file target.cif (mmCIF, C-alpha atoms)
data_structure
#
loop_
_atom_site.group_PDB
_atom_site.id
_atom_site.type_symbol
_atom_site.label_atom_id
_atom_site.label_comp_id
_atom_site.auth_asym_id
_atom_site.auth_seq_id
_atom_site.Cartn_x
_atom_site.Cartn_y
_atom_site.Cartn_z
ATOM 1 C CA MET E 12 75.754 123.740 124.829
ATOM 2 C CA ASN E 13 78.169 124.400 122.023
ATOM 3 C CA GLU E 14 77.467 123.364 118.433
ATOM 4 C CA SER E 15 80.224 120.758 118.407
ATOM 5 C CA LEU E 16 78.559 118.914 121.288
ATOM 6 C CA LYS E 17 75.181 119.066 119.560
ATOM 7 C CA ARG E 18 76.694 117.638 116.368
ATOM 8 C CA ASN E 19 78.376 114.843 118.337
ATOM 9 C CA ILE E 20 75.159 113.971 120.153
ATOM 10 C CA ASN E 21 73.149 113.923 116.928
ATOM 11 C CA LYS E 22 75.771 111.825 115.141
ATOM 12 C CA LEU E 23 75.893 109.369 118.051
ATOM 13 C CA LYS E 24 72.074 109.166 118.132
ATOM 14 C CA THR E 25 72.089 108.285 114.429
ATOM 15 C CA GLN E 26 74.834 105.681 114.837
ATOM 16 C CA LEU E 27 73.101 104.092 117.842
ATOM 17 C CA ALA E 28 69.744 104.011 116.033
ATOM 18 C CA SER E 29 71.271 101.974 113.208
ATOM 19 C CA ASN E 30 73.161 99.562 115.477
ATOM 20 C CA PRO E 31 71.261 96.440 116.601
ATOM 21 C CA ASP E 32 73.532 96.170 119.669
ATOM 22 C CA SER E 33 72.991 99.786 120.717
ATOM 23 C CA ILE E 34 71.232 98.891 123.983
ATOM 24 C CA LEU E 35 74.517 97.315 125.097
ATOM 25 C CA ILE E 36 76.630 100.262 123.910
ATOM 26 C CA GLY E 37 74.704 103.403 124.785
ATOM 27 C CA GLN E 38 71.411 105.248 124.652
ATOM 28 C CA ILE E 39 70.590 108.877 124.069
ATOM 29 C CA HIS E 40 67.051 109.913 124.927
ATOM 30 C CA ASP E 41 65.120 112.702 123.263
ATOM 31 C CA GLY E 42 65.455 116.124 124.817
ATOM 32 C CA ASN E 43 63.174 117.755 127.339
ATOM 33 C CA PRO E 44 62.333 121.264 126.036
ATOM 34 C CA GLN E 45 61.608 122.579 129.536
ATOM 35 C CA PRO E 46 63.470 120.595 132.210
ATOM 36 C CA GLU E 47 62.395 121.677 135.680
ATOM 37 C CA MET E 48 65.705 122.755 137.215
ATOM 38 C CA GLU E 49 66.304 125.171 140.044
ATOM 39 C CA ASP E 50 69.335 127.196 139.002
ATOM 40 C CA LYS E 51 69.752 130.273 141.165
ATOM 41 C CA ASN E 52 72.977 131.639 139.668
ATOM 42 C CA GLY E 53 73.096 130.089 136.185
ATOM 43 C CA ALA E 54 75.762 127.514 137.134
ATOM 44 C CA LEU E 55 73.641 124.683 135.745
ATOM 45 C CA ALA E 56 73.145 126.282 132.303
ATOM 46 C CA GLU E 57 75.313 123.734 130.431
ATOM 47 C CA TYR E 58 73.615 120.840 132.189
ATOM 48 C CA THR E 59 70.145 122.275 131.500
ATOM 49 C CA GLN E 60 71.028 122.706 127.817
ATOM 50 C CA PHE E 61 72.159 119.069 127.742
ATOM 51 C CA LEU E 62 68.796 117.967 129.176
ATOM 52 C CA GLN E 63 67.041 119.999 126.486
ATOM 53 C CA GLU E 64 69.093 118.148 123.865
ATOM 54 C CA CYS E 65 68.895 114.697 125.493
ATOM 55 C CA ASP E 66 66.997 114.011 128.679
ATOM 56 C CA GLY E 67 69.151 111.248 130.068
ATOM 57 C CA ALA E 68 71.699 109.035 128.379
ATOM 58 C CA SER E 69 74.101 106.172 128.759
ATOM 59 C CA PHE E 70 77.444 106.801 127.138
ATOM 60 C CA GLY E 71 79.024 103.406 127.634
ATOM 61 C CA GLU E 72 79.568 103.174 131.393
ATOM 62 C CA ILE E 73 78.674 106.842 131.992
ATOM 63 C CA ILE E 74 75.002 107.049 132.941
ATOM 64 C CA LEU E 75 73.207 110.425 133.138
ATOM 65 C CA PHE E 76 69.721 110.438 134.640
ATOM 66 C CA PRO E 77 66.648 111.922 132.961
ATOM 67 C CA VAL E 78 65.004 114.817 134.814
ATOM 68 C CA ARG E 79 62.167 112.629 136.104
ATOM 69 C CA GLU E 80 64.694 110.523 138.076
ATOM 70 C CA LEU E 81 66.704 113.356 139.633
ATOM 71 C CA SER E 82 64.540 114.050 142.681
ATOM 72 C CA ARG E 83 64.501 110.458 143.887
ATOM 73 C CA ASN E 84 68.274 110.054 143.475
ATOM 74 C CA GLN E 85 69.568 112.852 145.692
ATOM 75 C CA PHE E 86 70.347 110.676 148.731
ATOM 76 C CA TYR E 87 74.045 110.467 147.785
ATOM 77 C CA VAL E 88 74.649 114.216 148.077
ATOM 78 C CA GLU E 89 73.308 114.454 151.632
ATOM 79 C CA THR E 90 76.730 113.418 152.989
ATOM 80 C CA LEU E 91 78.602 116.068 150.998
ATOM 81 C CA ALA E 92 79.382 119.515 152.433
ATOM 82 C CA GLY E 93 76.446 121.729 151.495
ATOM 83 C CA GLY E 94 74.144 118.773 150.800
ATOM 84 C CA THR E 95 71.356 119.242 148.271
ATOM 85 C CA GLU E 96 71.770 123.028 148.368
ATOM 86 C CA THR E 97 75.235 122.702 146.773
ATOM 87 C CA TRP E 98 75.154 119.371 144.923
ATOM 88 C CA LEU E 99 72.991 117.607 142.353
ATOM 89 C CA PHE E 100 73.414 113.859 141.822
ATOM 90 C CA ILE E 101 73.153 113.522 138.012
ATOM 91 C CA GLY E 102 74.325 109.982 137.286
ATOM 92 C CA HIS E 103 77.131 107.513 137.791
ATOM 93 C CA ILE E 104 80.258 106.048 136.266
ATOM 94 C CA LEU E 105 80.509 102.336 136.953
ATOM 95 C CA TYR E 106 78.024 102.927 139.800
ATOM 96 C CA GLU E 107 80.186 105.619 141.428
ATOM 97 C CA PRO E 108 78.143 108.818 141.975
ATOM 98 C CA LEU E 109 78.525 111.661 139.493
ATOM 99 C CA VAL E 110 77.485 115.047 140.854
ATOM 100 C CA ILE E 111 77.410 118.635 139.679
ATOM 101 C CA ASN E 112 78.165 121.593 141.905
ATOM 102 C CA LYS E 113 75.237 124.026 141.805
ATOM 103 C CA THR E 114 77.453 127.031 142.485
ATOM 104 C CA ASP E 115 80.176 126.547 139.846
ATOM 105 C CA GLY E 116 78.658 124.018 137.408
ATOM 106 C CA LYS E 117 81.619 121.634 137.626
ATOM 107 C CA VAL E 118 81.174 117.870 137.466
ATOM 108 C CA TYR E 119 82.669 115.637 140.164
ATOM 109 C CA MET E 120 82.797 111.973 141.061
ATOM 110 C CA PHE E 121 83.175 110.319 144.433
ATOM 111 C CA TYR E 122 83.169 106.775 145.690
ATOM 112 C CA GLY E 123 79.783 105.946 147.202
ATOM 113 C CA ASP E 124 81.046 103.363 149.658
ATOM 114 C CA GLU E 125 83.453 105.789 151.347
ATOM 115 C CA PRO E 126 82.038 108.587 153.525
ATOM 116 C CA VAL E 127 83.311 111.931 152.221
ATOM 117 C CA ASP E 128 82.278 115.527 152.547
ATOM 118 C CA TRP E 129 83.752 116.602 149.181
ATOM 119 C CA PRO E 130 84.006 114.623 145.912
ATOM 120 C CA GLU E 131 87.437 113.236 145.019
ATOM 121 C CA GLU E 132 87.641 113.904 141.294
ATOM 122 C CA CYS E 133 86.743 117.039 139.295
ATOM 123 C CA PHE E 134 86.120 116.848 135.534
ATOM 124 C CA GLY E 135 85.572 120.571 134.876
ATOM 125 C CA SER E 136 82.457 122.115 133.363
ATOM 126 C CA PHE E 137 79.631 119.904 132.143
ATOM 127 C CA ASP E 138 80.434 120.572 128.465
ATOM 128 C CA HIS E 139 84.111 119.785 129.126
ATOM 129 C CA PHE E 140 83.119 116.551 130.853
ATOM 130 C CA LEU E 141 81.044 115.494 127.842
ATOM 131 C CA MET E 142 83.661 116.393 125.220
ATOM 132 C CA ASP E 143 86.704 114.972 126.989
ATOM 133 C CA TYR E 144 85.330 112.070 129.013
ATOM 134 C CA ALA E 145 81.994 110.891 127.584
ATOM 135 C CA PHE E 146 82.952 111.545 123.927
ATOM 136 C CA GLY E 147 86.724 111.736 124.124
ATOM 137 C CA LYS E 148 89.926 109.866 124.839
ATOM 138 C CA LYS E 149 89.714 110.489 128.586
ATOM 139 C CA TYR E 150 86.883 107.956 128.703
ATOM 140 C CA LEU E 151 89.701 105.406 128.886
ATOM 141 C CA ASP E 152 90.942 107.097 132.093
ATOM 142 C CA LEU E 153 87.562 106.513 133.760
ATOM 143 C CA VAL E 154 86.543 103.113 132.517
ATOM 144 C CA PRO E 155 88.846 100.070 132.421
ATOM 145 C CA VAL E 156 88.153 98.983 128.839
ATOM 146 C CA ASP E 157 90.120 98.423 125.679
ATOM 147 C CA LEU E 158 89.790 99.956 122.246
ATOM 148 C CA GLU E 159 87.372 97.190 121.180
ATOM 149 C CA ASP E 160 84.713 98.196 123.742
ATOM 150 C CA GLY E 161 81.476 99.111 121.927
ATOM 151 C CA TRP E 162 81.292 102.692 123.239
ATOM 152 C CA VAL E 163 84.996 103.282 122.635
ATOM 153 C CA ARG E 164 84.654 102.057 119.032
ATOM 154 C CA LEU E 165 81.703 104.382 118.516
ATOM 155 C CA ILE E 166 83.474 107.483 119.827
ATOM 156 C CA ARG E 167 86.695 106.552 118.013
ATOM 157 C CA GLU E 168 84.698 106.659 114.772
ATOM 158 C CA LEU E 169 83.185 109.967 115.841
ATOM 159 C CA ASP E 170 86.567 111.640 116.385
ATOM 160 C CA GLY E 171 88.837 109.493 114.249
ATOM 161 C CA TRP E 172 91.089 108.437 117.139
ATOM 162 C CA THR E 173 94.419 106.852 116.398
ATOM 163 C CA THR E 174 95.259 106.195 120.043
ATOM 164 C CA ARG E 175 97.107 103.081 121.029
ATOM 165 C CA LEU E 176 96.754 101.751 124.544
ATOM 166 C CA PRO E 177 99.963 101.496 126.589
ATOM 167 C CA TYR E 178 99.472 97.746 127.183
#

call {"tool": "encode", "arguments": {"input": "target.cif", "output": "structure tokens"}}
result
Amino acid sequence: MNESLKRNINKLKTQLASNPDSILIGQIHDGNPQPEMEDKNGALAEYTQFLQECDGASFGEIILFPVRELSRNQFYVETLAGGTETWLFIGHILYEPLVINKTDGKVYMFYGDEPVDWPEECFGSFDHFLMDYAFGKKYLDLVPVDLEDGWVRLIRELDGWTTRLPY
């Protein structure tokens, strides 16, 4: 995990800790120094480093499971090509499954109510997903909210956004 991500996570933890409404906005759990992850080719290195920094989190409507919940949540990946050998179900965005590919480390989303053998949307590497979607302007592409949403306000302060919505 790069230093910029660590700084963002620590700053967000501090901001959430001082906000009485933080449970409604987001949560960042303490890290797990030794998350039990099978990673045969190193593709999950960024994700493992994230778990060491924060073992589970909710970034607005993006929910990432703690390690202790991973094993019981793998039922979604059984329908994907390669099943649990290729995919790890790591969380959800508005209840749509968020998975990571164990061979390339990229994060994907698919719609749980539609049978598919490959996820529909790719967000790039795990670090890229965090920077651009969880902590960046592309959050607005994933979640139908406005600039007054609690999580959006928090990450706008983090990055000093000046974005105006098109509506």

call {"tool": "residues_around", "arguments": {"input": "target.cif", "residues": "Asp66 (chain E)", "least_positions_apart": "5", "cutoff": "10 Å", "atoms": "only C-alpha atoms", "output": "number ranges by chain"}}
result
E: 39-44, 46, 59-61, 75-79

call {"tool": "atom_distance", "arguments": {"input": "target.cif", "atom1": "CA of Val154 (chain E)", "atom2": "CA of Tyr106 (chain E)"}}
result
11.2 Å

call {"tool": "closest_atom_pairs", "arguments": {"input": "target.cif", "of": "region 59-86 of chain E", "to": "region 161-166 of chain E", "cutoff": "12 Å", "atoms": "all atoms listed in the file", "output": "JSON lines"}}
result
{"residue": "E:Ser69", "atom": "CA", "partner": "E:Trp162", "partner_atom": "CA", "distance": 9.7}
{"residue": "E:Phe70", "atom": "CA", "partner": "E:Trp162", "partner_atom": "CA", "distance": 6.8}
{"residue": "E:Gly71", "atom": "CA", "partner": "E:Trp162", "partner_atom": "CA", "distance": 5.0}
{"residue": "E:Glu72", "atom": "CA", "partner": "E:Trp162", "partner_atom": "CA", "distance": 8.3}
{"residue": "E:Ile73", "atom": "CA", "partner": "E:Trp162", "partner_atom": "CA", "distance": 10.0}

call {"tool": "atom_distance", "arguments": {"input": "target.cif", "atom1": "CA of Met142 (chain E)", "atom2": "CA of Gln85 (chain E)"}}
result
25.1 Å

call {"tool": "residues_around", "arguments": {"input": "target.cif", "residues": "Val127 (chain E)", "least_positions_apart": "5", "cutoff": "10 Å", "atoms": "all atoms listed in the file", "output": "number ranges by chain"}}
result
E: 88, 90-92, 121-122

call {"tool": "atom_distance", "arguments": {"input": "target.cif", "atom1": "CA of Gln38 (chain E)", "atom2": "CA of Lys24 (chain E)"}}
result
7.6 Å

call {"tool": "build_atoms", "arguments": {"input": "target.cif", "residues": "region 53-71 of chain E", "atoms": "N, CA, C and O atoms", "output": "PDB file, in the frame of the given file"}}
result
ATOM      1  N   GLY E  53      72.735 130.426 137.556  1.00  0.00           N
ATOM      2  CA  GLY E  53      73.096 130.089 136.185  1.00  0.00           C
ATOM      3  C   GLY E  53      74.203 129.053 136.052  1.00  0.00           C
ATOM      4  O   GLY E  53      74.653 128.761 134.949  1.00  0.00           O
ATOM      5  N   ALA E  54      74.660 128.478 137.171  1.00  0.00           N
ATOM      6  CA  ALA E  54      75.762 127.514 137.134  1.00  0.00           C
ATOM      7  C   ALA E  54      75.375 126.207 136.431  1.00  0.00           C
ATOM      8  O   ALA E  54      76.236 125.489 135.941  1.00  0.00           O
ATOM      9  N   LEU E  55      74.089 125.929 136.362  1.00  0.00           N
ATOM     10  CA  LEU E  55      73.641 124.683 135.745  1.00  0.00           C
ATOM     11  C   LEU E  55      73.216 124.860 134.286  1.00  0.00           C
ATOM     12  O   LEU E  55      72.582 123.985 133.700  1.00  0.00           O
ATOM     13  N   ALA E  56      73.583 125.979 133.669  1.00  0.00           N
ATOM     14  CA  ALA E  56      73.145 126.282 132.303  1.00  0.00           C
ATOM     15  C   ALA E  56      73.585 125.200 131.314  1.00  0.00           C
ATOM     16  O   ALA E  56      72.777 124.756 130.486  1.00  0.00           O
ATOM     17  N   GLU E  57      74.839 124.756 131.374  1.00  0.00           N
ATOM     18  CA  GLU E  57      75.313 123.734 130.431  1.00  0.00           C
ATOM     19  C   GLU E  57      74.561 122.422 130.644  1.00  0.00           C
ATOM     20  O   GLU E  57      74.177 121.762 129.676  1.00  0.00           O
ATOM     21  N   TYR E  58      74.338 122.074 131.889  1.00  0.00           N
ATOM     22  CA  TYR E  58      73.615 120.840 132.189  1.00  0.00           C
ATOM     23  C   TYR E  58      72.165 120.936 131.715  1.00  0.00           C
ATOM     24  O   TYR E  58      71.627 119.997 131.119  1.00  0.00           O
ATOM     25  N   THR E  59      71.524 122.064 131.943  1.00  0.00           N
ATOM     26  CA  THR E  59      70.145 122.275 131.500  1.00  0.00           C
ATOM     27  C   THR E  59      70.044 122.192 129.977  1.00  0.00           C
ATOM     28  O   THR E  59      69.121 121.584 129.432  1.00  0.00           O
ATOM     29  N   GLN E  60      71.014 122.774 129.281  1.00  0.00           N
ATOM     30  CA  GLN E  60      71.028 122.706 127.817  1.00  0.00           C
ATOM     31  C   GLN E  60      71.199 121.261 127.342  1.00  0.00           C
ATOM     32  O   GLN E  60      70.606 120.859 126.345  1.00  0.00           O
ATOM     33  N   PHE E  61      72.009 120.494 128.061  1.00  0.00           N
ATOM     34  CA  PHE E  61      72.159 119.069 127.742  1.00  0.00           C
ATOM     35  C   PHE E  61      70.813 118.363 127.874  1.00  0.00           C
ATOM     36  O   PHE E  61      70.414 117.593 126.990  1.00  0.00           O
ATOM     37  N   LEU E  62      70.094 118.609 128.961  1.00  0.00           N
ATOM     38  CA  LEU E  62      68.796 117.967 129.176  1.00  0.00           C
ATOM     39  C   LEU E  62      67.796 118.358 128.084  1.00  0.00           C
ATOM     40  O   LEU E  62      66.953 117.549 127.698  1.00  0.00           O
ATOM     41  N   GLN E  63      67.908 119.578 127.580  1.00  0.00           N
ATOM     42  CA  GLN E  63      67.041 119.999 126.486  1.00  0.00           C
ATOM     43  C   GLN E  63      67.378 119.242 125.198  1.00  0.00           C
ATOM     44  O   GLN E  63      66.510 118.971 124.381  1.00  0.00           O
ATOM     45  N   GLU E  64      68.639 118.895 125.041  1.00  0.00           N
ATOM     46  CA  GLU E  64      69.093 118.148 123.865  1.00  0.00           C
ATOM     47  C   GLU E  64      68.848 116.647 124.024  1.00  0.00           C
ATOM     48  O   GLU E  64      68.445 115.975 123.086  1.00  0.00           O
ATOM     49  N   CYS E  65      69.150 116.119 125.209  1.00  0.00           N
ATOM     50  CA  CYS E  65      68.895 114.697 125.493  1.00  0.00           C
ATOM     51  C   CYS E  65      68.643 114.536 126.988  1.00  0.00           C
ATOM     52  O   CYS E  65      69.511 114.782 127.806  1.00  0.00           O
ATOM     53  N   ASP E  66      67.447 114.136 127.294  1.00  0.00           N
ATOM     54  CA  ASP E  66      66.997 114.011 128.679  1.00  0.00           C
ATOM     55  C   ASP E  66      67.369 112.631 129.214  1.00  0.00           C
ATOM     56  O   ASP E  66      66.563 111.719 129.272  1.00  0.00           O
ATOM     57  N   GLY E  67      68.629 112.497 129.575  1.00  0.00           N
ATOM     58  CA  GLY E  67      69.151 111.248 130.068  1.00  0.00           C
ATOM     59  C   GLY E  67      69.869 110.486 128.966  1.00  0.00           C
ATOM     60  O   GLY E  67      69.515 110.588 127.789  1.00  0.00           O
ATOM     61  N   ALA E  68      70.910 109.773 129.364  1.00  0.00           N
ATOM     62  CA  ALA E  68      71.699 109.035 128.379  1.00  0.00           C
ATOM     63  C   ALA E  68      72.590 108.021 129.082  1.00  0.00           C
ATOM     64  O   ALA E  68      72.891 108.156 130.266  1.00  0.00           O
ATOM     65  N   SER E  69      73.006 107.030 128.315  1.00  0.00           N
ATOM     66  CA  SER E  69      74.101 106.172 128.759  1.00  0.00           C
ATOM     67  C   SER E  69      75.147 106.227 127.656  1.00  0.00           C
ATOM     68  O   SER E  69      74.861 105.903 126.502  1.00  0.00           O
ATOM     69  N   PHE E  70      76.302 106.712 128.039  1.00  0.00           N
ATOM     70  CA  PHE E  70      77.444 106.801 127.138  1.00  0.00           C
ATOM     71  C   PHE E  70      78.424 105.732 127.596  1.00  0.00           C
ATOM     72  O   PHE E  70      79.300 105.993 128.414  1.00  0.00           O
ATOM     73  N   GLY E  71      78.229 104.517 127.128  1.00  0.00           N
ATOM     74  CA  GLY E  71      79.024 103.406 127.634  1.00  0.00           C
ATOM     75  C   GLY E  71      78.716 103.210 129.109  1.00  0.00           C
ATOM     76  O   GLY E  71      77.569 102.994 129.498  1.00  0.00           O
TER      77      GLY E  71
END
